[in-house]
>>> print(open('upload_29.txt').read())   # compact mmCIF, C-alpha atoms and all ligand atoms
# COMPACT_ATOMS: atom_id res chain seq x y z
CA MET L 1 104.78 101.51 125.15
CA GLN L 2 104.43 102.47 121.49
CA PHE L 3 103.45 100.26 118.56
CA ILE L 4 106.30 101.71 116.46
CA ASP L 5 108.74 103.99 118.29
CA LEU L 6 110.05 106.45 115.69
CA GLN L 7 111.26 108.92 118.33
CA ALA L 8 113.65 106.33 119.80
CA GLN L 9 115.16 105.84 116.35
CA TYR L 10 115.52 109.60 115.82
CA LYS L 11 117.19 110.00 119.21
CA HIS L 12 119.72 107.32 118.22
CA LEU L 13 120.48 108.90 114.81
CA LYS L 14 119.89 112.55 115.73
CA THR L 15 123.40 113.98 115.21
CA LYS L 16 123.83 112.32 111.79
CA ILE L 17 120.33 113.14 110.53
CA ASN L 18 120.49 116.75 111.71
CA ALA L 19 123.81 117.22 109.92
CA ARG L 20 122.36 115.75 106.68
CA ILE L 21 119.33 118.07 106.90
CA GLN L 22 121.60 121.07 107.57
CA THR L 23 123.63 120.26 104.44
CA VAL L 24 120.50 120.28 102.29
CA LEU L 25 119.26 123.55 103.82
CA GLU L 26 122.59 125.14 102.95
CA HIS L 27 123.06 123.85 99.38
CA GLY L 28 119.40 124.63 98.64
CA LYS L 29 118.82 121.98 95.94
CA TYR L 30 115.49 120.94 97.45
CA ILE L 31 114.23 119.09 94.38
CA MET L 32 116.41 116.31 92.85
CA GLY L 33 119.45 117.45 94.81
CA PRO L 34 122.64 115.35 95.00
CA GLU L 35 121.30 113.30 97.95
CA VAL L 36 118.60 111.82 95.71
CA GLN L 37 121.14 110.35 93.30
CA GLU L 38 123.39 109.17 96.12
CA LEU L 39 120.45 107.41 97.76
CA GLU L 40 119.35 105.78 94.50
CA GLN L 41 122.85 104.35 94.05
CA ASN L 42 122.99 103.06 97.62
CA LEU L 43 119.52 101.52 97.40
CA ALA L 44 120.25 99.78 94.09
CA GLU L 45 123.46 98.39 95.56
CA TYR L 46 121.75 97.17 98.75
CA VAL L 47 118.93 95.46 96.84
CA GLY L 48 121.26 94.11 94.15
CA VAL L 49 119.62 95.57 91.04
CA LYS L 50 120.87 97.82 88.23
CA HIS L 51 118.45 100.72 88.69
CA CYS L 52 116.66 102.45 91.55
CA ILE L 53 114.29 105.31 90.73
CA THR L 54 112.91 107.13 93.76
CA CYS L 55 109.47 108.77 93.74
CA ALA L 56 106.94 110.49 95.99
CA ASN L 57 105.40 107.45 97.74
CA GLY L 58 104.81 103.70 97.48
CA THR L 59 101.46 104.14 95.76
CA ASP L 60 103.01 106.25 92.98
CA ALA L 61 105.77 103.65 92.71
CA LEU L 62 103.09 101.08 91.82
CA THR L 63 101.30 103.47 89.43
CA LEU L 64 104.55 104.40 87.65
CA SER L 65 105.43 100.70 87.29
CA MET L 66 102.03 99.97 85.78
CA MET L 67 102.42 102.88 83.34
CA VAL L 68 105.72 101.37 82.20
CA LEU L 69 104.13 97.93 81.75
CA ASP L 70 101.30 99.58 79.77
CA ILE L 71 98.61 98.21 82.08
CA LYS L 72 95.29 99.58 80.82
CA GLU L 73 91.57 99.09 80.32
CA GLY L 74 90.71 95.53 79.36
CA ASP L 75 93.68 94.05 81.24
CA ALA L 76 93.36 91.63 84.15
CA VAL L 77 95.95 92.13 86.89
CA PHE L 78 96.15 89.51 89.64
CA CYS L 79 96.84 90.54 93.23
CA PRO L 80 96.21 89.20 96.73
CA THR L 81 92.91 90.14 98.38
CA PHE L 82 94.66 90.27 101.77
CA THR L 83 96.83 93.39 101.39
CA PHE L 84 96.88 97.17 101.80
CA PHE L 85 94.41 99.01 99.54
CA ALA L 86 97.07 100.66 97.32
CA THR L 87 98.05 97.29 95.76
CA ALA L 88 94.59 96.92 94.18
CA GLU L 89 93.77 100.64 93.93
CA THR L 90 96.62 101.35 91.52
CA ILE L 91 95.43 98.54 89.19
CA ALA L 92 91.94 100.08 89.08
CA TYR L 93 93.49 103.56 88.69
CA GLN L 94 94.96 102.35 85.36
CA LYS L 95 91.38 101.30 84.45
CA ALA L 96 92.52 97.66 84.44
CA THR L 97 90.57 95.07 86.49
CA PRO L 98 92.10 93.71 89.70
CA VAL L 99 91.51 89.95 89.94
CA PHE L 100 91.85 88.93 93.56
CA VAL L 101 93.66 85.84 94.79
CA ASP L 102 93.33 84.02 98.12
CA SER L 103 96.17 83.78 100.67
CA ASP L 104 98.46 80.91 101.52
CA ASP L 105 97.34 79.73 104.97
CA GLU L 106 100.90 79.49 106.33
CA THR L 107 102.64 82.60 104.97
CA PHE L 108 99.50 84.78 104.39
CA ASN L 109 101.05 85.78 101.04
CA ILE L 110 99.41 85.27 97.63
CA CYS L 111 98.59 81.55 97.13
CA PRO L 112 100.24 80.27 93.91
CA VAL L 113 97.67 77.47 93.52
CA HIS L 114 94.71 79.86 93.65
CA LEU L 115 96.62 82.34 91.46
CA GLU L 116 96.84 79.77 88.67
CA LYS L 117 93.12 78.98 89.07
CA GLN L 118 92.21 82.67 88.75
CA ILE L 119 94.40 83.04 85.64
CA GLU L 120 92.76 79.98 84.04
CA LYS L 121 89.33 81.42 84.86
CA VAL L 122 90.07 84.75 83.18
CA ILE L 123 91.42 82.93 80.12
CA ALA L 124 88.34 80.67 79.95
CA GLU L 125 85.98 83.66 80.18
CA GLY L 126 87.87 85.36 77.35
CA LYS L 127 86.78 88.90 78.24
CA MET L 128 90.03 90.38 79.58
CA THR L 129 93.70 90.17 78.68
CA PRO L 130 95.72 88.59 81.52
CA LYS L 131 98.58 91.07 81.86
CA ALA L 132 100.43 91.03 85.18
CA ILE L 133 100.71 89.77 88.74
CA VAL L 134 101.28 92.14 91.65
CA ALA L 135 102.67 90.07 94.52
CA VAL L 136 103.01 91.59 97.99
CA ASP L 137 105.69 90.88 100.60
CA LEU L 138 103.12 90.97 103.40
CA PHE L 139 104.33 91.90 106.89
CA GLY L 140 107.93 91.74 105.61
CA LEU L 141 107.98 88.17 104.26
CA PRO L 142 108.78 87.90 100.54
CA ALA L 143 106.03 86.24 98.49
CA ASN L 144 106.72 82.84 96.88
CA TYR L 145 108.60 84.28 93.86
CA PRO L 146 110.03 80.97 92.64
CA GLU L 147 106.43 79.76 92.04
CA ILE L 148 105.05 83.17 90.98
CA GLU L 149 107.79 83.61 88.38
CA ARG L 150 107.19 80.08 87.05
CA ILE L 151 103.46 80.84 86.65
CA ALA L 152 104.19 84.24 85.07
CA GLU L 153 106.40 82.58 82.48
CA LYS L 154 103.82 79.88 81.73
CA TYR L 155 101.07 82.46 81.04
CA ASP L 156 103.33 85.23 79.68
CA LEU L 157 102.54 87.70 82.48
CA LYS L 158 104.64 90.51 83.95
CA VAL L 159 105.41 90.49 87.68
CA ILE L 160 105.48 93.52 89.98
CA GLU L 161 106.86 92.96 93.47
CA ASP L 162 105.10 95.25 95.96
CA ALA L 163 107.87 95.35 98.57
CA ALA L 164 106.40 98.31 100.52
CA GLN L 165 106.61 96.12 103.63
CA GLY L 166 109.27 93.75 102.34
CA PHE L 167 112.41 95.92 102.10
CA GLY L 168 115.18 93.97 103.83
CA GLY L 169 113.62 90.54 103.24
CA GLU L 170 115.37 87.76 101.28
CA ILE L 171 114.88 84.44 99.53
CA ASN L 172 118.05 82.32 99.45
CA GLY L 173 120.24 85.43 99.69
CA LYS L 174 118.36 87.36 96.97
CA ARG L 175 116.93 90.56 98.40
CA ALA L 176 113.37 91.91 98.28
CA GLY L 177 113.15 94.58 95.59
CA SER L 178 114.93 92.34 93.09
CA PHE L 179 112.04 89.99 92.21
CA GLY L 180 109.79 90.20 89.16
CA ASP L 181 110.14 92.64 86.26
CA ILE L 182 109.76 95.72 88.46
CA ALA L 183 109.67 96.05 92.26
CA THR L 184 108.37 98.91 94.38
CA THR L 185 108.77 100.04 97.96
CA SER L 186 107.46 102.74 100.30
CA PHE L 187 109.32 104.97 102.74
CA PHE L 188 106.18 105.83 104.74
CA PRO L 189 107.52 106.37 108.29
CA ALA L 190 106.11 103.10 109.69
CA LYS L 191 107.60 100.83 106.99
CA PRO L 192 110.82 98.86 107.68
CA LEU L 193 112.83 101.62 105.94
CA GLY L 194 110.88 104.83 106.48
CA CYS L 195 111.60 108.54 106.01
CA TYR L 196 110.07 111.52 107.83
CA GLY L 197 107.23 112.03 105.40
CA ASP L 198 106.15 110.31 102.19
CA GLY L 199 108.58 108.60 99.87
CA GLY L 200 108.90 105.60 97.55
CA ALA L 201 111.19 103.81 95.12
CA ILE L 202 111.13 101.51 92.12
CA PHE L 203 113.75 98.84 91.33
CA THR L 204 114.50 97.16 88.02
CA ASP L 205 117.29 95.55 86.01
CA ASN L 206 115.65 96.67 82.75
CA ASP L 207 117.40 99.73 81.19
CA GLU L 208 114.39 100.64 79.06
CA TYR L 209 112.01 100.57 82.05
CA ALA L 210 114.44 102.72 84.07
CA GLU L 211 114.56 105.39 81.35
CA LEU L 212 110.76 105.43 81.09
CA LEU L 213 110.37 105.68 84.88
CA LYS L 214 112.71 108.70 85.02
CA SER L 215 110.60 110.36 82.34
CA TYR L 216 107.18 109.49 83.82
CA ARG L 217 108.09 110.81 87.28
CA VAL L 218 108.83 114.27 85.82
CA HIS L 219 105.82 114.99 83.57
CA GLY L 220 106.93 112.63 80.79
CA LYS L 221 110.05 114.67 80.12
CA GLY L 222 112.31 114.13 77.13
CA GLN L 223 115.77 115.68 76.96
CA ASP L 224 114.79 118.38 79.46
CA LYS L 225 111.75 118.99 81.62
CA TYR L 226 110.14 121.49 79.24
CA ASP L 227 110.30 118.97 76.40
CA ASN L 228 107.40 116.64 77.22
CA ILE L 229 107.27 113.57 75.02
CA ARG L 230 104.62 111.55 76.91
CA ILE L 231 101.99 112.04 79.62
CA GLY L 232 103.56 111.50 83.02
CA MET L 233 103.10 112.78 86.54
CA ASN L 234 104.95 114.75 89.23
CA SER L 235 106.33 112.18 91.63
CA ARG L 236 109.80 112.96 92.97
CA LEU L 237 111.37 112.17 96.33
CA ASP L 238 112.25 115.38 98.21
CA THR L 239 115.98 115.97 98.69
CA LEU L 240 115.36 116.35 102.45
CA GLN L 241 113.76 112.90 102.62
CA ALA L 242 116.63 111.42 100.60
CA ALA L 243 119.10 112.98 103.05
CA ILE L 244 117.27 111.41 106.01
CA LEU L 245 117.07 108.05 104.23
CA LEU L 246 120.83 108.01 103.56
CA GLU L 247 121.43 107.85 107.32
CA LYS L 248 118.55 105.46 107.92
CA LEU L 249 119.78 103.07 105.20
CA ALA L 250 123.27 103.05 106.74
CA GLU L 251 121.69 101.95 110.05
CA PHE L 252 119.20 99.57 108.42
CA PRO L 253 121.23 96.30 108.65
CA THR L 254 121.69 96.83 112.41
CA GLU L 255 117.99 97.60 112.80
CA LEU L 256 117.03 94.52 110.81
CA LEU L 257 119.01 92.34 113.24
CA ALA L 258 117.25 93.99 116.18
CA ARG L 259 113.86 93.31 114.56
CA SER L 260 114.67 89.68 113.95
CA LYS L 261 115.88 89.28 117.56
CA ALA L 262 112.63 90.77 118.82
CA ALA L 263 110.66 88.41 116.57
CA ALA L 264 112.64 85.39 117.82
CA LYS L 265 111.88 86.39 121.40
CA TYR L 266 108.19 86.80 120.63
CA ASN L 267 108.19 83.37 118.93
CA ALA L 268 109.80 81.69 121.92
CA GLU L 269 107.35 83.26 124.38
CA LEU L 270 104.17 82.99 122.32
CA CYS L 271 104.42 79.82 120.22
CA GLU L 272 102.38 77.76 122.67
CA THR L 273 99.57 80.30 122.92
CA TYR L 274 99.12 81.35 119.28
CA GLN L 275 99.84 80.48 115.67
CA THR L 276 103.08 82.50 115.34
CA PRO L 277 104.45 83.81 112.00
CA PHE L 278 105.77 81.17 109.58
CA VAL L 279 109.02 81.90 107.73
CA PRO L 280 109.80 79.22 105.10
CA GLU L 281 113.30 77.69 104.82
CA GLY L 282 115.67 80.08 103.00
CA TYR L 283 113.42 83.11 103.56
CA VAL L 284 114.26 86.19 105.65
CA SER L 285 111.50 88.50 106.88
CA SER L 286 112.05 92.20 107.48
CA TRP L 287 109.36 91.98 110.21
CA ALA L 288 107.33 94.96 109.07
CA GLN L 289 104.68 93.50 111.39
CA TYR L 290 104.63 90.70 113.95
CA THR L 291 101.23 89.15 113.33
CA LEU L 292 99.41 86.48 115.34
CA ILE L 293 96.18 84.53 114.86
CA ALA L 294 93.68 84.29 117.69
CA GLU L 295 90.23 82.73 117.53
CA ASN L 296 89.03 85.21 120.18
CA ARG L 297 90.90 88.25 118.84
CA ASP L 298 88.90 90.94 120.66
CA GLU L 299 89.51 89.34 124.07
CA GLU L 300 93.22 88.89 123.35
CA MET L 301 93.65 92.50 122.23
CA ALA L 302 91.78 93.74 125.33
CA LYS L 303 94.18 91.78 127.57
CA TYR L 304 97.21 93.43 125.95
CA LYS L 305 95.55 96.85 126.17
CA ALA L 306 94.92 96.39 129.90
CA GLN L 307 98.70 95.93 130.31
CA GLY L 308 99.53 99.04 128.28
CA ILE L 309 100.63 97.09 125.17
CA PRO L 310 99.16 98.51 121.94
CA THR L 311 97.99 96.09 119.23
CA MET L 312 96.71 96.73 115.71
CA ILE L 313 94.73 94.84 113.06
CA TYR L 314 96.40 94.52 109.64
CA TYR L 315 94.05 93.98 107.82
CA GLY L 316 90.47 93.73 109.00
CA THR L 317 89.07 94.20 105.49
CA CYS L 318 90.16 92.25 102.40
CA MET L 319 90.13 93.89 98.97
CA HIS L 320 87.09 91.83 97.89
CA GLN L 321 85.23 93.21 100.95
CA GLN L 322 86.03 96.88 100.20
CA THR L 323 83.11 99.11 99.20
CA ALA L 324 85.17 100.50 96.30
CA PHE L 325 85.43 96.98 94.79
CA LYS L 326 81.85 95.87 95.48
CA GLU L 327 80.90 95.89 91.81
CA LEU L 328 83.44 93.13 91.11
CA GLY L 329 80.89 90.84 92.78
CA TYR L 330 83.12 88.67 94.97
CA SER L 331 82.04 87.01 98.21
CA ASP L 332 83.95 85.58 101.19
CA GLU L 333 83.45 82.01 99.86
CA ASN L 334 85.78 82.92 96.95
CA PHE L 335 88.60 83.61 99.43
CA PRO L 336 88.17 81.40 102.52
CA VAL L 337 91.72 81.78 103.86
CA ALA L 338 91.95 85.57 103.49
CA SER L 339 88.44 86.08 104.87
CA HIS L 340 89.39 84.03 107.94
CA LEU L 341 92.64 86.00 108.38
CA ALA L 342 90.79 89.33 108.26
CA LYS L 343 88.69 88.16 111.21
CA HIS L 344 91.49 86.71 113.34
CA VAL L 345 94.85 88.48 112.79
CA PHE L 346 96.32 91.08 115.10
CA SER L 347 99.81 92.54 115.38
CA LEU L 348 102.05 93.28 118.35
CA PRO L 349 104.47 96.23 118.66
CA MET L 350 107.46 95.74 116.35
CA HIS L 351 110.43 98.07 115.84
CA PRO L 352 114.23 97.92 116.30
CA TYR L 353 114.18 99.73 119.65
CA LEU L 354 111.62 97.47 121.33
C1 LIG R 1 102.22 101.11 102.49
C2 LIG R 1 101.91 100.25 101.35
C3 LIG R 1 101.74 100.77 100.06
C4 LIG R 1 101.67 102.24 99.76
O1 LIG R 1 102.74 103.02 100.19
P1 LIG R 1 102.56 104.60 100.43
O2 LIG R 1 103.96 105.11 100.52
O3 LIG R 1 101.79 104.76 101.70
O4 LIG R 1 101.83 105.16 99.27
C5 LIG R 1 101.53 99.88 99.00
N1 LIG R 1 101.48 98.56 99.22
C6 LIG R 1 101.61 98.01 100.45
C7 LIG R 1 101.57 96.54 100.59
C8 LIG R 1 101.82 98.84 101.56
O5 LIG R 1 101.95 98.29 102.78
>>> encode(input="upload_29.txt", output="structure tokens")
Amino acid sequence: MQFIDLQAQYKHLKTKINARIQTVLEHGKYIMGPEVQELEQNLAEYVGVKHCITCANGTDALTLSMMVLDIKEGDAVFCPTFTFFATAETIAYQKATPVFVDSDDETFNICPVHLEKQIEKVIAEGKMTPKAIVAVDLFGLPANYPEIERIAEKYDLKVIEDAAQGFGGEINGKRAGSFGDIATTSFFPAKPLGCYGDGGAIFTDNDEYAELLKSYRVHGKGQDKYDNIRIGMNSRLDTLQAAILLEKLAEFPTELLARSKAAAKYNAELCETYQTPFVPEGYVSSWAQYTLIAENRDEEMAKYKAQGIPTMIYYGTCMHQQTAFKELGYSDENFPVASHLAKHVFSLPMHPYL
């Protein structure tokens, strides 16, 4: 048994994906070919936003978004401590300071109550400019955007939705990728919508942001790519990956149903043994991971292993515990919920062909 079975998915979509790849090989437009534009249109339509700008990976999607929001040295950017490293890394990469926030003990997403406390603290200290919130749709469940957007408005902060794991999720019918000022996702193969390499995308309703993003991803281009009007980067999605994603996106709604069926079955079988994942009323998870809490995690994982069932730990190290962020001077007492999660969470196999 595999933790994520990508081969089973390829077998199912083989004829269609092979044909798409063949088309690209024959037309030869390997960079920014017609499939890239077609995919961007389809993605924007699926998510329900005006603009989708694809890029090289989910980390670049965050960096490009932060360039657009002019996040820089002296800025405080709030993000959950219980997340994948890239969420906080990209803040530090802009030379801004990541200010970590504890997790909600039911959803494991950023806790709005602690978020507001951290914002107040930065304001009281008066050393940094509170600039933005990066919320993460952890394990596929959208963060509490109604509350996050209320707080952002109160303190005049921008919101970035890191939907690397959240693509396909919803709150009251509004899809992940449409929250905040800018949203990002990743097409890393293991994500809910993955390609066969690295890939990413950015979503926004803001025309000005969309224009800037298209410039930043191609060396800060102006009218053409040899007219460079700002400092950008090289972060495009390969045409081949776009071609693969076109077929994968067409299949995605069916796959999402299969994931949610698998999760329902897990819930029914496991709810008496563990704390199973909590999905608030009106929310839809894309089930990027199916994550449980066990007091004796090592023993539990060993039992599954003995039966040939792989398990993984996402995440065993919070951002405040990372060596790279040691100088920020946090301790586990600052984040009791997240620190507990890092010690007790583990995930079971989850994919649409389970
Ligand atoms: C995977 C992931 C990223 C980074 O995506 P890449 O495509 O691997 O660069 C960022 N944030 C979160 C929450 C992720 O899970």
>>> residues_near_ligand(input="upload_29.txt", ligand="ligand LIG 1 (chain R)", cutoff="8 Å", atoms="all atoms listed in the file", output="list in words")
Ala56, Asn57, Gly58, Thr59, Asp60, Ala61, Leu62, Thr83, Phe84, Phe85, Ala86, Thr87, Val136, Asp137, Leu138, Phe139, Asp162, Ala163, Ala164, Gln165, Thr185, Ser186, Phe187, Phe188, Lys191, Asp198, Gly199 and Gly200 of chain L
>>> residues_around(input="upload_29.txt", residues="Gln7 in chain L", least_positions_apart="6", cutoff="12 Å", atoms="all atoms listed in the file", output="VMD selection string")
chain L and resid 1 13 to 14 189 to 190 196 351 to 354
>>> residues_near_point(input="upload_29.txt", point="(99.6, 99.1, 125.0)", cutoff="9 Å", atoms="all atoms listed in the file", output="PyMOL selection string")
chain L and resi 1-3+304-311+349
>>> closest_residue(input="upload_29.txt", among="L:Ile171, L:Leu6, L:Leu25, L:Cys55", to="Asn144 in chain L", atoms="all atoms listed in the file")
L:Ile171
>>> atom_distance(input="upload_29.txt", atom1="CA of Pro142 in chain L", atom2="CA of Ala176 in chain L")
6.5 Å
>>> closest_residue(input="upload_29.txt", among="L:Tyr46, L:Phe82, L:Phe167, L:Tyr155", to="Gly140 in chain L", atoms="all atoms listed in the file")
L:Phe167
>>> closest_atom_pairs(input="upload_29.txt", of="range 154-188 of chain L", to="range 210-232 of chain L", cutoff="12 Å", atoms="all atoms listed in the file", output="Markdown table")
| residue | atom | partner | partner_atom | distance |
| --- | --- | --- | --- | --- |
| L:Asp181 | CA | L:Ala210 | CA | 11.2 |
| L:Ile182 | CA | L:Ala210 | CA | 9.5 |
| L:Ala183 | CA | L:Ala210 | CA | 11.6 |
| L:Thr184 | CA | L:Leu213 | CA | 11.8 |
>>> atom_distance(input="upload_29.txt", atom1="CA of Lys158 in chain L", atom2="CA of Glu125 in chain L")
20.2 Å
>>> residues_around(input="upload_29.txt", residues="Val24 in chain L", least_positions_apart="3", cutoff="12 Å", atoms="all atoms listed in the file", output="PyMOL selection string")
chain L and resi 17-21+27-36+238-244
>>> decode(input="upload_29.txt", residues="range 326-354 of chain L", atoms="N, CA and C atoms", output="PDB file, in the first residue's frame")
ATOM      1  N   LYS L 326      15.527  30.305  14.920  1.00  0.00           N
ATOM      2  CA  LYS L 326      15.914  30.305  16.331  1.00  0.00           C
ATOM      3  C   LYS L 326      16.090  31.719  16.887  1.00  0.00           C
ATOM      4  N   GLU L 327      16.650  32.591  16.048  1.00  0.00           N
ATOM      5  CA  GLU L 327      16.974  33.940  16.556  1.00  0.00           C
ATOM      6  C   GLU L 327      15.720  34.761  16.874  1.00  0.00           C
ATOM      7  N   LEU L 328      14.553  34.296  16.441  1.00  0.00           N
ATOM      8  CA  LEU L 328      13.315  35.015  16.765  1.00  0.00           C
ATOM      9  C   LEU L 328      12.959  34.833  18.246  1.00  0.00           C
ATOM     10  N   GLY L 329      13.585  33.835  18.885  1.00  0.00           N
ATOM     11  CA  GLY L 329      13.505  33.710  20.343  1.00  0.00           C
ATOM     12  C   GLY L 329      12.199  33.187  20.920  1.00  0.00           C
ATOM     13  N   TYR L 330      11.458  32.406  20.137  1.00  0.00           N
ATOM     14  CA  TYR L 330      10.203  31.852  20.655  1.00  0.00           C
ATOM     15  C   TYR L 330      10.458  30.572  21.448  1.00  0.00           C
ATOM     16  N   SER L 331       9.505  30.196  22.292  1.00  0.00           N
ATOM     17  CA  SER L 331       9.575  28.891  22.955  1.00  0.00           C
ATOM     18  C   SER L 331       8.212  28.205  22.832  1.00  0.00           C
ATOM     19  N   ASP L 332       8.167  26.916  23.175  1.00  0.00           N
ATOM     20  CA  ASP L 332       6.931  26.143  23.037  1.00  0.00           C
ATOM     21  C   ASP L 332       5.779  26.743  23.855  1.00  0.00           C
ATOM     22  N   GLU L 333       6.108  27.394  24.984  1.00  0.00           N
ATOM     23  CA  GLU L 333       5.038  27.982  25.818  1.00  0.00           C
ATOM     24  C   GLU L 333       4.260  29.069  25.077  1.00  0.00           C
ATOM     25  N   ASN L 334       4.900  29.691  24.044  1.00  0.00           N
ATOM     26  CA  ASN L 334       4.208  30.715  23.262  1.00  0.00           C
ATOM     27  C   ASN L 334       3.127  30.102  22.364  1.00  0.00           C
ATOM     28  N   PHE L 335       3.277  28.808  22.070  1.00  0.00           N
ATOM     29  CA  PHE L 335       2.361  28.147  21.126  1.00  0.00           C
ATOM     30  C   PHE L 335       1.971  26.766  21.653  1.00  0.00           C
ATOM     31  N   PRO L 336       1.182  26.714  22.739  1.00  0.00           N
ATOM     32  CA  PRO L 336       0.899  25.412  23.373  1.00  0.00           C
ATOM     33  C   PRO L 336       0.153  24.435  22.455  1.00  0.00           C
ATOM     34  N   VAL L 337      -0.792  24.926  21.676  1.00  0.00           N
ATOM     35  CA  VAL L 337      -1.587  24.015  20.841  1.00  0.00           C
ATOM     36  C   VAL L 337      -0.716  23.417  19.730  1.00  0.00           C
ATOM     37  N   ALA L 338      -0.027  24.285  18.999  1.00  0.00           N
ATOM     38  CA  ALA L 338       0.815  23.823  17.886  1.00  0.00           C
ATOM     39  C   ALA L 338       1.930  22.898  18.380  1.00  0.00           C
ATOM     40  N   SER L 339       2.523  23.231  19.510  1.00  0.00           N
ATOM     41  CA  SER L 339       3.613  22.401  20.042  1.00  0.00           C
ATOM     42  C   SER L 339       3.103  21.008  20.403  1.00  0.00           C
ATOM     43  N   HIS L 340       1.872  20.950  20.919  1.00  0.00           N
ATOM     44  CA  HIS L 340       1.256  19.654  21.231  1.00  0.00           C
ATOM     45  C   HIS L 340       0.965  18.878  19.936  1.00  0.00           C
ATOM     46  N   LEU L 341       0.439  19.576  18.940  1.00  0.00           N
ATOM     47  CA  LEU L 341       0.141  18.922  17.648  1.00  0.00           C
ATOM     48  C   LEU L 341       1.404  18.303  17.050  1.00  0.00           C
ATOM     49  N   ALA L 342       2.493  19.046  17.064  1.00  0.00           N
ATOM     50  CA  ALA L 342       3.744  18.563  16.461  1.00  0.00           C
ATOM     51  C   ALA L 342       4.195  17.254  17.100  1.00  0.00           C
ATOM     52  N   LYS L 343       3.830  17.059  18.358  1.00  0.00           N
ATOM     53  CA  LYS L 343       4.226  15.825  19.062  1.00  0.00           C
ATOM     54  C   LYS L 343       3.256  14.671  18.841  1.00  0.00           C
ATOM     55  N   HIS L 344       2.019  14.961  18.435  1.00  0.00           N
ATOM     56  CA  HIS L 344       0.991  13.911  18.460  1.00  0.00           C
ATOM     57  C   HIS L 344       0.267  13.640  17.143  1.00  0.00           C
ATOM     58  N   VAL L 345       0.473  14.437  16.097  1.00  0.00           N
ATOM     59  CA  VAL L 345      -0.247  14.180  14.843  1.00  0.00           C
ATOM     60  C   VAL L 345       0.445  13.107  14.010  1.00  0.00           C
ATOM     61  N   PHE L 346      -0.339  12.363  13.281  1.00  0.00           N
ATOM     62  CA  PHE L 346       0.197  11.513  12.209  1.00  0.00           C
ATOM     63  C   PHE L 346      -0.895  11.335  11.160  1.00  0.00           C
ATOM     64  N   SER L 347      -0.466  11.055   9.921  1.00  0.00           N
ATOM     65  CA  SER L 347      -1.421  11.005   8.813  1.00  0.00           C
ATOM     66  C   SER L 347      -1.458   9.620   8.184  1.00  0.00           C
ATOM     67  N   LEU L 348      -2.649   9.238   7.754  1.00  0.00           N
ATOM     68  CA  LEU L 348      -2.858   7.945   7.089  1.00  0.00           C
ATOM     69  C   LEU L 348      -2.836   8.140   5.570  1.00  0.00           C
ATOM     70  N   PRO L 349      -2.668   7.067   4.813  1.00  0.00           N
ATOM     71  CA  PRO L 349      -2.695   7.190   3.346  1.00  0.00           C
ATOM     72  C   PRO L 349      -3.969   7.903   2.887  1.00  0.00           C
ATOM     73  N   MET L 350      -3.837   8.818   1.944  1.00  0.00           N
ATOM     74  CA  MET L 350      -5.011   9.537   1.418  1.00  0.00           C
ATOM     75  C   MET L 350      -4.773   9.881  -0.045  1.00  0.00           C
ATOM     76  N   HIS L 351      -5.599   9.318  -0.908  1.00  0.00           N
ATOM     77  CA  HIS L 351      -5.580   9.677  -2.345  1.00  0.00           C
ATOM     78  C   HIS L 351      -6.866   9.134  -2.964  1.00  0.00           C
ATOM     79  N   PRO L 352      -7.212   9.596  -4.187  1.00  0.00           N
ATOM     80  CA  PRO L 352      -8.526   9.231  -4.754  1.00  0.00           C
ATOM     81  C   PRO L 352      -8.644   7.767  -5.190  1.00  0.00           C
ATOM     82  N   TYR L 353      -7.542   7.038  -5.184  1.00  0.00           N
ATOM     83  CA  TYR L 353      -7.596   5.649  -5.670  1.00  0.00           C
ATOM     84  C   TYR L 353      -7.322   4.665  -4.532  1.00  0.00           C
ATOM     85  N   LEU L 354      -7.662   5.122  -3.315  1.00  0.00           N
ATOM     86  CA  LEU L 354      -7.380   4.335  -2.106  1.00  0.00           C
ATOM     87  C   LEU L 354      -8.174   3.037  -2.099  1.00  0.00           C
TER      88      LEU L 354
END
